[in-house]
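This is start_27.cif. It holds mmCIF, C-alpha atoms.
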data_coords
#
loop_
_atom_site.label_atom_id
_atom_site.label_comp_id
_atom_site.auth_asym_id
_atom_site.auth_seq_id
_atom_site.Cartn_x
_atom_site.Cartn_y
_atom_site.Cartn_z
CA MET H 120 12.89 -41.13 31.95
CA SER H 121 12.90 -37.42 32.74
CA PRO H 122 9.91 -35.46 31.42
CA PRO H 123 10.33 -33.32 28.27
CA VAL H 124 11.82 -29.88 28.76
CA THR H 125 9.84 -26.94 27.40
CA PHE H 126 11.49 -24.19 25.39
CA ALA H 127 10.61 -21.60 28.04
CA GLU H 128 12.05 -23.75 30.83
CA ALA H 129 15.28 -24.17 28.91
CA ALA H 130 15.50 -20.46 28.08
CA LEU H 131 15.17 -19.53 31.76
CA TYR H 132 18.02 -21.89 32.61
CA TRP H 133 20.32 -20.52 29.89
CA LEU H 134 19.62 -16.98 31.14
CA LYS H 135 20.46 -18.01 34.70
CA LEU H 136 23.63 -19.70 33.45
CA GLY H 137 24.67 -16.48 31.77
CA PHE H 138 24.71 -14.73 35.16
CA ILE H 139 26.47 -17.47 37.17
CA SER H 140 28.99 -18.82 34.66
CA PHE H 141 32.14 -17.76 36.49
CA GLY H 142 35.36 -19.75 36.67
CA GLY H 143 36.42 -19.93 33.05
CA PRO H 144 35.60 -22.87 30.74
CA ALA H 145 36.36 -25.50 33.41
CA GLY H 146 33.98 -23.88 35.89
CA GLN H 147 31.29 -23.23 33.28
CA ILE H 148 31.40 -26.81 31.99
CA ALA H 149 31.31 -28.14 35.54
CA ILE H 150 28.20 -26.04 36.26
CA MET H 151 26.44 -27.37 33.15
CA HIS H 152 27.47 -30.94 33.97
CA HIS H 153 26.10 -30.66 37.49
CA ASP H 154 22.85 -29.02 36.40
CA LEU H 155 22.05 -30.80 33.15
CA VAL H 156 23.48 -34.29 33.76
CA GLU H 157 23.25 -34.84 37.51
CA LYS H 158 20.47 -32.57 38.76
CA LYS H 159 17.97 -31.93 35.97
CA ARG H 160 18.87 -35.04 33.89
CA TRP H 161 18.15 -33.26 30.63
CA ILE H 162 20.99 -35.11 28.89
CA SER H 163 22.98 -38.23 29.68
CA GLU H 164 26.65 -38.36 30.68
CA SER H 165 27.90 -39.89 27.43
CA ARG H 166 25.89 -37.55 25.20
CA PHE H 167 27.15 -34.56 27.21
CA LEU H 168 30.80 -35.64 26.89
CA HIS H 169 30.33 -36.53 23.25
CA ALA H 170 29.13 -33.00 22.51
CA LEU H 171 31.91 -31.53 24.67
CA ASN H 172 34.64 -33.41 22.78
CA TYR H 173 33.39 -31.88 19.54
CA CYS H 174 33.30 -28.38 21.03
CA ILE H 175 36.87 -28.74 22.33
CA VAL H 176 38.13 -29.44 18.81
CA LEU H 177 36.43 -26.34 17.41
CA PRO H 178 37.89 -22.84 17.47
CA GLY H 179 35.92 -20.68 19.84
CA PRO H 180 34.76 -20.75 23.49
CA GLU H 181 33.92 -24.40 24.16
CA ALA H 182 31.56 -23.73 27.08
CA GLN H 183 29.41 -21.35 25.05
CA GLN H 184 29.46 -23.77 22.13
CA LEU H 185 28.46 -26.63 24.41
CA ALA H 186 25.45 -24.64 25.63
CA THR H 187 24.57 -23.88 22.01
CA TYR H 188 24.91 -27.56 21.07
CA ILE H 189 22.70 -28.83 23.90
CA GLY H 190 20.13 -26.09 23.27
CA TRP H 191 20.08 -27.05 19.58
CA LEU H 192 19.78 -30.76 20.36
CA MET H 193 16.81 -30.14 22.66
CA HIS H 194 14.91 -27.46 20.72
CA ARG H 195 16.29 -27.27 17.19
CA THR H 196 17.97 -24.16 15.76
CA PRO H 197 15.98 -21.62 17.85
CA GLY H 198 16.99 -23.50 21.00
CA GLY H 199 20.65 -23.39 20.05
CA ILE H 200 20.57 -19.69 19.20
CA VAL H 201 18.78 -18.77 22.45
CA ALA H 202 21.13 -20.92 24.56
CA GLY H 203 24.26 -19.45 22.98
CA MET H 204 23.01 -15.86 23.11
CA LEU H 205 21.81 -15.96 26.71
CA PHE H 206 25.14 -17.48 27.73
CA VAL H 207 26.95 -14.28 26.70
CA LEU H 208 24.38 -11.45 26.87
CA PRO H 209 24.63 -10.84 30.65
CA SER H 210 28.41 -10.61 30.37
CA PHE H 211 28.10 -8.27 27.38
CA PHE H 212 25.98 -5.71 29.22
CA ILE H 213 28.05 -5.99 32.42
CA LEU H 214 31.25 -5.39 30.47
CA VAL H 215 29.75 -2.47 28.58
CA GLY H 216 28.87 -0.89 31.91
CA LEU H 217 32.35 -1.54 33.34
CA ALA H 218 34.00 -0.23 30.17
CA TRP H 219 31.94 2.96 30.36
CA ILE H 220 32.96 3.50 34.00
CA TYR H 221 36.57 2.78 33.01
CA MET H 222 36.63 5.30 30.16
CA ALA H 223 34.57 7.99 31.92
CA TYR H 224 35.92 7.72 35.47
CA GLY H 225 39.13 5.71 35.19
CA SER H 226 41.22 8.66 36.31
CA ALA H 227 39.31 9.06 39.59
CA PRO H 228 41.63 8.19 42.51
CA ALA H 229 39.58 5.25 43.79
CA VAL H 230 39.10 3.71 40.33
CA ALA H 231 42.72 4.39 39.37
CA GLY H 232 43.92 2.69 42.55
CA LEU H 233 41.71 -0.32 41.89
CA LEU H 234 43.03 -0.64 38.34
CA TYR H 235 46.58 -0.18 39.60
CA GLY H 236 46.14 -3.34 41.69
CA PHE H 237 44.44 -5.23 38.87
CA LYS H 238 47.44 -5.02 36.54
CA PRO H 239 49.98 -7.11 38.50
CA ALA H 240 47.20 -9.64 39.19
CA VAL H 241 46.73 -10.03 35.42
CA VAL H 242 50.47 -10.69 35.00
CA ALA H 243 50.21 -13.50 37.57
CA ILE H 244 47.03 -14.90 36.00
CA VAL H 245 48.53 -15.04 32.50
CA LEU H 246 51.66 -16.78 33.89
CA SER H 247 49.34 -19.21 35.66
CA ALA H 248 47.51 -19.88 32.40
CA ALA H 249 50.79 -20.67 30.63
CA TRP H 250 51.73 -23.05 33.43
CA ARG H 251 48.31 -24.71 33.51
CA ILE H 252 48.12 -25.30 29.75
CA GLY H 253 51.78 -26.33 29.63
CA ALA H 254 51.32 -28.92 32.36
CA ARG H 255 48.53 -30.49 30.32
CA VAL H 256 50.23 -30.41 26.93
CA LEU H 257 54.04 -30.28 27.29
CA LYS H 258 54.69 -33.91 28.10
CA ASN H 259 57.38 -34.88 25.58
CA PRO H 260 60.34 -33.37 23.70
CA ILE H 261 58.28 -32.60 20.59
CA THR H 262 55.66 -30.47 22.34
CA TRP H 263 58.33 -28.75 24.44
CA SER H 264 60.23 -27.92 21.24
CA ILE H 265 57.10 -26.52 19.58
CA ALA H 266 56.45 -24.28 22.62
CA ALA H 267 60.04 -23.04 22.65
CA LEU H 268 60.04 -22.33 18.92
CA ALA H 269 56.73 -20.47 19.19
CA PHE H 270 58.13 -18.32 22.00
CA LEU H 271 61.22 -17.45 19.96
CA ALA H 272 59.13 -16.80 16.85
CA VAL H 273 57.05 -14.13 18.56
CA PHE H 274 59.58 -12.78 21.11
CA VAL H 275 62.66 -12.57 18.90
CA PHE H 276 61.39 -12.53 15.32
CA GLU H 277 57.95 -10.95 15.95
CA LEU H 278 56.25 -13.30 13.51
CA PRO H 279 52.47 -12.92 13.14
CA PHE H 280 50.22 -15.13 15.23
CA PRO H 281 48.43 -16.89 12.31
CA PHE H 282 51.78 -17.97 10.82
CA ILE H 283 52.87 -19.50 14.14
CA VAL H 284 49.55 -21.33 14.54
CA LEU H 285 49.75 -22.72 11.00
CA ALA H 286 53.36 -23.85 11.44
CA ALA H 287 52.59 -25.50 14.79
CA GLY H 288 49.62 -27.31 13.28
CA LEU H 289 51.75 -28.62 10.41
CA ILE H 290 54.49 -29.76 12.80
CA GLY H 291 51.90 -31.50 14.95
CA TYR H 292 50.31 -33.15 11.92
CA SER H 293 53.60 -34.52 10.58
CA SER H 294 54.88 -35.52 14.02
CA GLY H 295 51.63 -37.32 14.75
CA HIS H 296 52.38 -39.75 11.94
CA PHE H 297 55.90 -40.53 13.14
CA ALA H 298 55.29 -40.45 16.89
CA PRO H 299 51.55 -40.91 17.50
CA ASP H 300 51.98 -41.82 21.17
CA TYR H 301 53.27 -38.32 21.84
CA PHE H 302 49.97 -36.85 20.67
CA ARG H 303 47.43 -38.97 22.48
CA THR H 304 45.41 -36.72 24.74
CA THR H 305 42.47 -37.09 27.04
CA SER H 306 39.67 -34.81 28.05
CA VAL H 307 38.02 -32.95 29.66
CA HIS H 308 38.09 -30.17 32.21
CA GLY H 309 37.58 -32.40 35.22
CA THR H 310 33.92 -33.26 34.69
CA ASP H 311 32.65 -35.77 37.19
CA ARG H 312 31.35 -38.89 35.53
CA LYS H 313 28.55 -39.91 37.83
CA GLY H 314 25.24 -39.07 36.21
CA SER H 315 22.40 -41.11 37.66
CA GLY H 316 19.01 -42.11 36.35
CA SER H 317 17.69 -41.90 32.85
CA ALA H 318 17.82 -38.55 31.12
CA TRP H 319 15.41 -36.88 28.72
CA ILE H 320 18.10 -37.24 26.03
CA ASP H 321 19.55 -40.55 27.18
CA ASP H 322 22.29 -42.78 25.76
CA HIS H 323 19.80 -44.73 23.66
CA THR H 324 17.35 -41.95 22.87
CA PRO H 325 16.84 -41.87 19.08
CA ILE H 326 18.44 -38.97 17.31
CA PRO H 327 15.75 -36.31 16.78
CA PRO H 328 14.89 -35.67 13.12
CA HIS H 329 16.41 -32.19 13.09
CA ALA H 330 19.77 -33.62 14.30
CA LEU H 331 20.14 -36.11 11.46
CA PHE H 332 22.83 -35.20 8.96
CA THR H 333 21.77 -34.38 5.42
CA MET H 334 23.72 -32.54 2.76
CA ARG H 335 20.76 -30.20 2.26
CA ARG H 336 20.80 -29.24 5.94
CA PHE H 337 24.57 -28.77 5.87
CA VAL H 338 24.46 -26.53 2.81
CA GLY H 339 21.54 -24.60 4.26
CA ALA H 340 23.38 -23.86 7.50
CA ALA H 341 26.55 -22.85 5.64
CA THR H 342 24.59 -20.59 3.30
CA ALA H 343 22.65 -18.96 6.11
CA GLY H 344 25.84 -18.28 8.05
CA PHE H 345 27.58 -16.75 5.07
CA VAL H 346 24.56 -14.61 4.19
CA ILE H 347 24.31 -13.26 7.75
CA TRP H 348 28.04 -12.51 7.92
CA SER H 349 28.28 -10.93 4.47
CA SER H 350 25.08 -8.91 4.93
CA VAL H 351 26.23 -7.31 8.17
CA MET H 352 29.78 -6.81 6.93
CA GLY H 353 28.52 -5.43 3.63
CA ALA H 354 26.14 -3.04 5.38
CA PHE H 355 28.96 -1.52 7.44
CA SER H 356 31.24 -1.37 4.42
CA LEU H 357 28.63 0.44 2.33
CA ALA H 358 27.60 2.80 5.13
CA PHE H 359 31.04 3.71 6.45
CA GLY H 360 33.62 2.37 3.98
CA TRP H 361 35.99 -0.59 4.21
CA GLU H 362 38.70 1.30 6.10
CA ASP H 363 36.27 2.62 8.72
CA THR H 364 36.74 1.52 12.34
CA PHE H 365 33.37 -0.27 12.52
CA THR H 366 34.08 -2.31 9.38
CA GLN H 367 37.63 -3.14 10.39
CA ILE H 368 36.46 -4.26 13.83
CA GLY H 369 34.06 -6.69 12.17
CA TRP H 370 36.74 -8.03 9.82
CA PHE H 371 39.40 -8.29 12.51
CA PHE H 372 37.25 -10.16 15.01
CA THR H 373 36.00 -12.53 12.32
CA LYS H 374 39.62 -13.58 11.82
CA ALA H 375 40.20 -13.73 15.57
CA ALA H 376 37.18 -16.03 16.01
CA LEU H 377 38.71 -18.57 13.64
CA LEU H 378 41.99 -18.66 15.60
CA THR H 379 40.71 -19.35 19.11
CA PHE H 380 42.08 -22.89 19.33
CA GLY H 381 43.20 -23.62 22.88
CA GLY H 382 40.96 -21.12 24.66
CA ALA H 383 40.80 -17.38 25.05
CA TYR H 384 44.37 -17.04 26.25
CA ALA H 385 45.51 -18.51 22.95
CA VAL H 386 43.93 -15.75 20.89
CA LEU H 387 44.75 -12.86 23.23
CA PRO H 388 48.20 -12.37 21.64
CA TYR H 389 46.55 -12.10 18.21
CA ILE H 390 44.01 -9.60 19.53
CA TYR H 391 46.84 -7.67 21.13
CA GLN H 392 48.87 -7.63 17.90
CA GLY H 393 45.91 -6.33 15.93
CA ALA H 394 44.04 -4.04 18.31
CA VAL H 395 47.05 -2.50 20.08
CA GLU H 396 49.97 -2.65 17.66
CA HIS H 397 48.41 -2.62 14.19
CA TYR H 398 45.19 -0.63 14.50
CA GLN H 399 46.18 1.21 17.71
CA TRP H 400 42.60 1.15 18.93
CA LEU H 401 43.76 0.98 22.56
CA THR H 402 46.97 1.06 24.59
CA PRO H 403 48.80 -1.90 26.18
CA ILE H 404 47.69 -0.77 29.64
CA GLN H 405 44.06 -0.57 28.51
CA MET H 406 44.37 -4.12 27.17
CA ILE H 407 45.64 -5.33 30.54
CA ASP H 408 42.81 -3.52 32.33
CA GLY H 409 40.27 -5.03 29.94
CA LEU H 410 41.56 -8.52 30.65
CA ALA H 411 41.25 -7.90 34.38
CA LEU H 412 37.66 -6.70 34.01
CA GLY H 413 36.87 -9.66 31.75
CA GLU H 414 38.14 -12.07 34.41
CA THR H 415 35.72 -10.64 36.98
CA THR H 416 32.55 -11.05 34.91
CA PRO H 417 30.53 -14.18 34.08
CA GLY H 418 30.71 -15.73 30.64
CA PRO H 419 33.67 -16.75 28.46
CA LEU H 420 36.95 -14.88 28.94
CA ILE H 421 36.91 -14.11 25.21
CA MET H 422 34.21 -11.59 26.16
CA VAL H 423 37.17 -9.25 26.64
CA VAL H 424 36.50 -8.44 22.97
CA THR H 425 33.47 -6.47 24.18
CA PHE H 426 35.80 -4.24 26.20
CA VAL H 427 38.25 -3.94 23.29
CA GLY H 428 35.44 -2.95 20.95
CA PHE H 429 34.02 -0.41 23.41
CA VAL H 430 37.37 1.30 23.98
CA SER H 431 38.06 1.28 20.24
CA GLY H 432 34.75 2.95 19.44
CA TRP H 433 35.22 5.45 22.25
CA ALA H 434 38.74 6.39 21.12
CA LYS H 435 37.85 6.70 17.43
CA ALA H 436 34.47 8.43 17.99
CA VAL H 437 33.19 7.14 14.66
CA LEU H 438 29.83 8.91 15.05
CA GLY H 439 31.38 12.16 16.22
CA SER H 440 32.35 13.70 19.54
CA GLU H 441 28.70 14.25 20.48
CA ALA H 442 27.95 10.52 20.31
CA ILE H 443 30.99 8.89 21.87
CA PHE H 444 28.98 6.39 23.94
CA ALA H 445 26.93 5.39 20.90
CA SER H 446 30.13 4.82 18.91
CA ALA H 447 31.59 2.74 21.73
CA PHE H 448 28.42 0.67 22.25
CA ILE H 449 28.07 -0.11 18.53
CA ALA H 450 31.75 -1.02 18.29
CA SER H 451 31.44 -3.37 21.28
CA ALA H 452 28.36 -5.01 19.74
CA ILE H 453 30.19 -5.46 16.42
CA ALA H 454 33.21 -7.05 18.10
CA THR H 455 31.01 -9.42 20.11
CA PHE H 456 28.77 -10.33 17.17
CA PHE H 457 31.59 -11.23 14.79
CA THR H 458 33.50 -13.11 17.49
CA PHE H 459 30.60 -15.42 18.33
CA LEU H 460 28.87 -15.79 14.96
CA PRO H 461 31.27 -18.54 13.77
CA SER H 462 30.57 -20.53 16.95
CA PHE H 463 26.87 -20.76 16.09
CA ILE H 464 27.68 -21.69 12.51
CA PHE H 465 30.08 -24.45 13.56
CA ILE H 466 27.49 -26.04 15.83
CA LEU H 467 24.69 -25.92 13.27
CA LEU H 468 27.05 -27.22 10.57
CA GLY H 469 28.72 -30.02 12.47
CA GLY H 470 26.12 -30.95 15.08
CA PRO H 471 24.07 -33.24 12.80
CA PHE H 472 27.23 -35.00 11.61
CA ILE H 473 28.42 -35.55 15.19
CA GLU H 474 25.02 -36.84 16.32
CA THR H 475 24.74 -39.17 13.34
CA THR H 476 28.23 -40.66 13.59
CA HIS H 477 28.56 -40.74 17.40
CA GLY H 478 32.30 -41.03 16.90
CA ASN H 479 34.64 -40.63 19.84
CA LEU H 480 36.34 -37.41 18.79
CA LYS H 481 39.60 -36.45 20.52
CA LEU H 482 42.10 -33.67 20.14
CA THR H 483 44.05 -34.28 16.97
CA ALA H 484 47.83 -34.10 16.60
CA PRO H 485 47.65 -30.73 14.79
CA LEU H 486 45.55 -29.28 17.60
CA THR H 487 48.03 -30.59 20.16
CA GLY H 488 50.81 -28.88 18.22
CA ILE H 489 48.85 -25.63 18.16
CA THR H 490 48.14 -25.83 21.88
CA ALA H 491 51.84 -26.44 22.59
CA ALA H 492 52.69 -23.33 20.58
CA VAL H 493 50.08 -21.44 22.55
CA VAL H 494 52.08 -22.06 25.74
CA GLY H 495 55.09 -20.23 24.28
CA ILE H 496 52.91 -17.44 22.95
CA ILE H 497 51.14 -16.95 26.29
CA LEU H 498 54.50 -16.84 28.08
CA ASN H 499 55.56 -14.05 25.73
CA LEU H 500 52.31 -12.23 26.47
CA ALA H 501 52.94 -12.51 30.22
CA LEU H 502 56.45 -11.08 29.83
CA PHE H 503 55.09 -8.24 27.71
CA PHE H 504 52.43 -7.41 30.28
CA ALA H 505 55.03 -7.59 33.07
CA TYR H 506 57.26 -5.12 31.22
CA HIS H 507 54.45 -2.56 30.92
CA VAL H 508 53.33 -3.05 34.53
CA PHE H 509 56.71 -3.18 36.30
CA TRP H 510 58.53 -0.60 34.17
CA VAL H 511 55.88 2.06 33.53
CA SER H 512 58.46 4.58 32.30
CA GLY H 513 60.39 2.10 30.17
CA ILE H 514 63.25 -0.28 30.87
CA ASP H 515 65.56 2.63 31.71
CA GLY H 516 63.15 3.93 34.34
CA PRO H 517 62.65 2.75 37.92
CA ILE H 518 60.96 -0.55 38.63
CA ASP H 519 57.58 -0.41 40.38
CA TRP H 520 58.29 -2.63 43.39
CA ILE H 521 54.74 -2.32 44.69
CA SER H 522 53.44 -3.91 41.48
CA VAL H 523 56.12 -6.61 41.72
CA ALA H 524 55.03 -7.37 45.29
CA LEU H 525 51.35 -7.55 44.32
CA ALA H 526 52.19 -9.89 41.41
CA ALA H 527 54.20 -12.12 43.76
CA ILE H 528 51.32 -12.25 46.24
CA ALA H 529 48.92 -13.12 43.40
CA LEU H 530 51.22 -15.92 42.20
CA ILE H 531 51.46 -17.36 45.72
CA ALA H 532 47.67 -17.21 46.06
CA LEU H 533 47.16 -18.95 42.71
CA PHE H 534 49.81 -21.65 43.02
CA ARG H 535 50.17 -22.25 46.76
CA PHE H 536 46.66 -21.68 48.01
CA LYS H 537 44.77 -22.49 44.77
CA SER H 538 42.75 -19.30 45.07
CA GLY H 539 40.21 -18.42 42.40
CA VAL H 540 40.84 -15.77 39.79
CA ILE H 541 38.15 -13.38 40.99
CA PRO H 542 39.32 -13.26 44.65
CA VAL H 543 42.90 -12.72 43.44
CA ILE H 544 41.94 -9.83 41.16
CA LEU H 545 39.65 -8.17 43.70
CA GLY H 546 42.19 -8.64 46.49
CA CYS H 547 44.97 -7.07 44.44
CA GLY H 548 42.63 -4.30 43.36
CA LEU H 549 41.77 -3.40 46.94
CA GLY H 550 45.43 -3.67 47.87
CA GLY H 551 46.37 -1.36 45.02
CA MET H 552 43.73 1.13 46.08
CA ALA H 553 45.07 1.18 49.68
CA LEU H 554 48.72 1.40 48.61
CA ARG H 555 48.09 4.19 46.12
CA SER H 556 46.36 6.18 48.85
CA LEU H 557 49.40 5.68 51.13
CA PHE H 558 52.03 6.18 48.42
CA PRO H 559 50.50 8.47 45.76
CA GLN H 560 52.49 8.99 42.58
#
Take the structure in this file and express it as structure tokens.
Amino acid sequence: MSPPVTFAEAALYWLKLGFISFGGPAGQIAIMHHDLVEKKRWISESRFLHALNYCIVLPGPEAQQLATYIGWLMHRTPGGIVAGMLFVLPSFFILVGLAWIYMAYGSAPAVAGLLYGFKPAVVAIVLSAAWRIGARVLKNPITWSIAALAFLAVFVFELPFPFIVLAAGLIGYSSGHFAPDYFRTTSVHGTDRKGSGSAWIDDHTPIPPHALFTMRRFVGAATAGFVIWSSVMGAFSLAFGWEDTFTQIGWFFTKAALLTFGGAYAVLPYIYQGAVEHYQWLTPIQMIDGLALGETTPGPLIMVVTFVGFVSGWAKAVLGSEAIFASAFIASAIATFFTFLPSFIFILLGGPFIETTHGNLKLTAPLTGITAAVVGIILNLALFFAYHVFWVSGIDGPIDWISVALAAIALIALFRFKSGVIPVILGCGLGGMALRSLFPQ
């Protein structure tokens, strides 16, 4: 049996993970599986996958939630909070720095050229995400129909994202009763099932006392979560008013956090609808740039909310023109806090139940329906991004063939050569910088 892991030892690992967690949820989960199951043997294979299956079902970033779950299982609530926070803090500060450079120096020729190349790469990456999720989910006429209807709902009828998600979940739920074979899914992100040796938390290790389910513990976690959320939200509402940018950022990203079924790409259309179209905190091009920067940093892709919050606070200058950076930093912290708070609550609420039951949780039929709808929604997002990147002056203006060429190269790199996201973005960025210097606009 592996020796016990101290709190300090675990905290150092979670901090390191926060700096190296590139590659999206699949890469992040693979890193944790290699380190915690195979190398360090802190947790056994089956306990790791059991926790992962629960995190996949939840809304929110599953890799960050998995780190929170394992940290909680090893070192109680403080361990879970430290693990989850350190998983995202490095990315938060890196993105704040990149967002500041973007807003302060984005018009500089070198930076502008880099961002020019980023945009077509993002179009290719979003198309790749639609293809990747679709290949996993769209395996029968029902799921294909849900994806097509979701695309039409948002592209033609411009229906709100929550309505589409609810409808897809209901269709999946009802269809699961009549055609259950169509909704049987498997997990999970390509983890390699070959853990060796006994782990500190092994298959037959007794459930620690803090992980046993009790109604008192459940109510306590729910109450604590609600008190934290309402206290922070209430403080901003009292200090600035309900309609203020800070308060609305908190409210908006609370709703977004509860809709992140299917990964970050699933909620990006909702964030776009709210932040760009409804509140007009940032422009479509800024949203594309933020997604590109988010792809190049460690941590969950949903950390793009940090960029969205920063740009929103910068544009609105809530604290006045003399404190633009302070406004932007606070707004980014608010967006990040309210996006991730529900993830901690879900783990502390459901973790004891999952540990006590040790059921084999799988994706449910409603979740499969939602994920199928996500494919159609992401495809619409890709087309929208392509429109703004390829036709900068509008559909009646000239097409930007350089951007089209860069997007095509990015697609070939992603699909033909299986290149990673970061090399594709950086390569297109450098290409955009060179081309803009040769063909200035």
Give me, as a count of residues only, all polymer residues having an atom no more than 10 Å from H:Gly393, counting all atoms listed in the file and skipping those fewer than 6 positions away in the same chain. 9
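With all atoms listed in the file taken into account, the protein and nucleic acid residues at most 12 Å from H:Ala127 (excluding it and anything under 4 positions from it in its own chain) are Pro123, Leu131, Tyr132, Trp133, Leu134, Gly190, Met193, His194, Pro197, Gly198, Val201 and Ala202 of chain H.
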Taking 5 positions as the minimum chain separation for residues in the same chain, which residues sit within 10 Å of H:Ser462 when counting all atoms listed in the file? Answer as an NGL selection string. :H and (174 or 177-181 or 183-185 or 187-188 or 203 or 376-377 or 457 or 467-468)
Two-atom distance - atom CA of H:Ile347, atom CA of H:Phe463 (Å): 11.5 Å
Would you please work out which residue, of H:Ala129, H:Leu171, H:Ile200, H:Ile404, is nearest to H:Ala149 when using only C-alpha atoms? H:Leu171
Axis-aligned box for all listed atoms of stretch 182-187 of chain H, 3 Å per side, centre and edges in Å to one decimal, as lines of an AutoDock Vina configuration file:
center_x = 28.1
center_y = -24.0
center_z = 24.5
size_x = 13.0
size_y = 11.3
size_z = 11.1
Between atom CA of H:Leu502 and atom CA of H:Phe274, what is the distance in Å, rounded to a tenth?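 About the pair atom CA of H:Leu502 and atom CA of H:Phe274: they are 9.4 Å apart.
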One decimal, Å: what's the distance from atom CA of H:Leu155 over to atom CA of H:Leu214, could you say? 27.2 Å
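Remark: for H:Trp263, the closest of the candidate residues H:Ala240, H:His329, H:Pro417, H:Tyr301 is H:Tyr301 (distances computed over only C-alpha atoms).
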On this structure, the PyMOL selection byres ((chain H and resi 447) around 12) would catch which residues? List them as a PyMOL selection string, sorted by chain and number. chain H and resi 214-216+218-219+222-223+364-365+368+400+425-446+448-454
Keeping only C-alpha atoms, write the selected residues as a PDB file, keeping the file's coordinate frame.
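Dumped to out_31.pdb:
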ATOM      1  CA  LEU H 214      31.250  -5.390  30.470  1.00  0.00           C
ATOM      2  CA  VAL H 215      29.750  -2.470  28.580  1.00  0.00           C
ATOM      3  CA  GLY H 216      28.870  -0.890  31.910  1.00  0.00           C
ATOM      4  CA  ALA H 218      34.000  -0.230  30.170  1.00  0.00           C
ATOM      5  CA  TRP H 219      31.940   2.960  30.360  1.00  0.00           C
ATOM      6  CA  MET H 222      36.630   5.300  30.160  1.00  0.00           C
ATOM      7  CA  ALA H 223      34.570   7.990  31.920  1.00  0.00           C
ATOM      8  CA  THR H 364      36.740   1.520  12.340  1.00  0.00           C
ATOM      9  CA  PHE H 365      33.370  -0.270  12.520  1.00  0.00           C
ATOM     10  CA  ILE H 368      36.460  -4.260  13.830  1.00  0.00           C
ATOM     11  CA  TRP H 400      42.600   1.150  18.930  1.00  0.00           C
ATOM     12  CA  THR H 425      33.470  -6.470  24.180  1.00  0.00           C
ATOM     13  CA  PHE H 426      35.800  -4.240  26.200  1.00  0.00           C
ATOM     14  CA  VAL H 427      38.250  -3.940  23.290  1.00  0.00           C
ATOM     15  CA  GLY H 428      35.440  -2.950  20.950  1.00  0.00           C
ATOM     16  CA  PHE H 429      34.020  -0.410  23.410  1.00  0.00           C
ATOM     17  CA  VAL H 430      37.370   1.300  23.980  1.00  0.00           C
ATOM     18  CA  SER H 431      38.060   1.280  20.240  1.00  0.00           C
ATOM     19  CA  GLY H 432      34.750   2.950  19.440  1.00  0.00           C
ATOM     20  CA  TRP H 433      35.220   5.450  22.250  1.00  0.00           C
ATOM     21  CA  ALA H 434      38.740   6.390  21.120  1.00  0.00           C
ATOM     22  CA  LYS H 435      37.850   6.700  17.430  1.00  0.00           C
ATOM     23  CA  ALA H 436      34.470   8.430  17.990  1.00  0.00           C
ATOM     24  CA  VAL H 437      33.190   7.140  14.660  1.00  0.00           C
ATOM     25  CA  LEU H 438      29.830   8.910  15.050  1.00  0.00           C
ATOM     26  CA  GLY H 439      31.380  12.160  16.220  1.00  0.00           C
ATOM     27  CA  SER H 440      32.350  13.700  19.540  1.00  0.00           C
ATOM     28  CA  GLU H 441      28.700  14.250  20.480  1.00  0.00           C
ATOM     29  CA  ALA H 442      27.950  10.520  20.310  1.00  0.00           C
ATOM     30  CA  ILE H 443      30.990   8.890  21.870  1.00  0.00           C
ATOM     31  CA  PHE H 444      28.980   6.390  23.940  1.00  0.00           C
ATOM     32  CA  ALA H 445      26.930   5.390  20.900  1.00  0.00           C
ATOM     33  CA  SER H 446      30.130   4.820  18.910  1.00  0.00           C
ATOM     34  CA  PHE H 448      28.420   0.670  22.250  1.00  0.00           C
ATOM     35  CA  ILE H 449      28.070  -0.110  18.530  1.00  0.00           C
ATOM     36  CA  ALA H 450      31.750  -1.020  18.290  1.00  0.00           C
ATOM     37  CA  SER H 451      31.440  -3.370  21.280  1.00  0.00           C
ATOM     38  CA  ALA H 452      28.360  -5.010  19.740  1.00  0.00           C
ATOM     39  CA  ILE H 453      30.190  -5.460  16.420  1.00  0.00           C
ATOM     40  CA  ALA H 454      33.210  -7.050  18.100  1.00  0.00           C
TER      41      ALA H 454
END
Every residue with an atom at most 7 Å from (36.2, -4.1, 32.2) (file coordinates; only C-alpha atoms) is what I'm after, so could you write them as a list of chain:residue names?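 Output of the proximity query reads H:Leu214, H:Leu217, H:Ala218, H:Tyr221, H:Asp408, H:Gly409, H:Ala411, H:Leu412, H:Gly413, H:Phe426.
Of the listed residues H:Leu205, H:Leu545, H:Leu533, H:Ile175, the one whose atoms come nearest to H:Leu136 is H:Leu205, with distances taken using only C-alpha atoms.
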Hits from the PyMOL selection byres ((chain H and resi 391) around 10), listed as number ranges by chain: H: 386-390, 392-399, 401-403, 406-407, 427, 500
Any chance you could turn stretch 159-171 of chain H into a file with C-alpha atoms, as an mmCIF file, in the first residue's frame?
data_model
loop_
_atom_site.group_PDB
_atom_site.id
_atom_site.type_symbol
_atom_site.label_atom_id
_atom_site.label_comp_id
_atom_site.auth_asym_id
_atom_site.auth_seq_id
_atom_site.Cartn_x
_atom_site.Cartn_y
_atom_site.Cartn_z
ATOM 1 C CA LYS H 159 2.106 8.142 -7.476
ATOM 2 C CA ARG H 160 -0.618 5.518 -6.775
ATOM 3 C CA TRP H 161 -2.621 7.928 -4.646
ATOM 4 C CA ILE H 162 -5.903 6.454 -5.903
ATOM 5 C CA SER H 163 -6.852 3.215 -7.629
ATOM 6 C CA GLU H 164 -8.026 2.849 -11.223
ATOM 7 C CA SER H 165 -11.640 2.011 -10.383
ATOM 8 C CA ARG H 166 -11.997 4.774 -7.784
ATOM 9 C CA PHE H 167 -10.528 7.278 -10.256
ATOM 10 C CA LEU H 168 -12.944 6.257 -13.032
ATOM 11 C CA HIS H 169 -15.842 6.133 -10.607
ATOM 12 C CA ALA H 170 -15.213 9.750 -9.629
ATOM 13 C CA LEU H 171 -14.690 10.724 -13.272
#
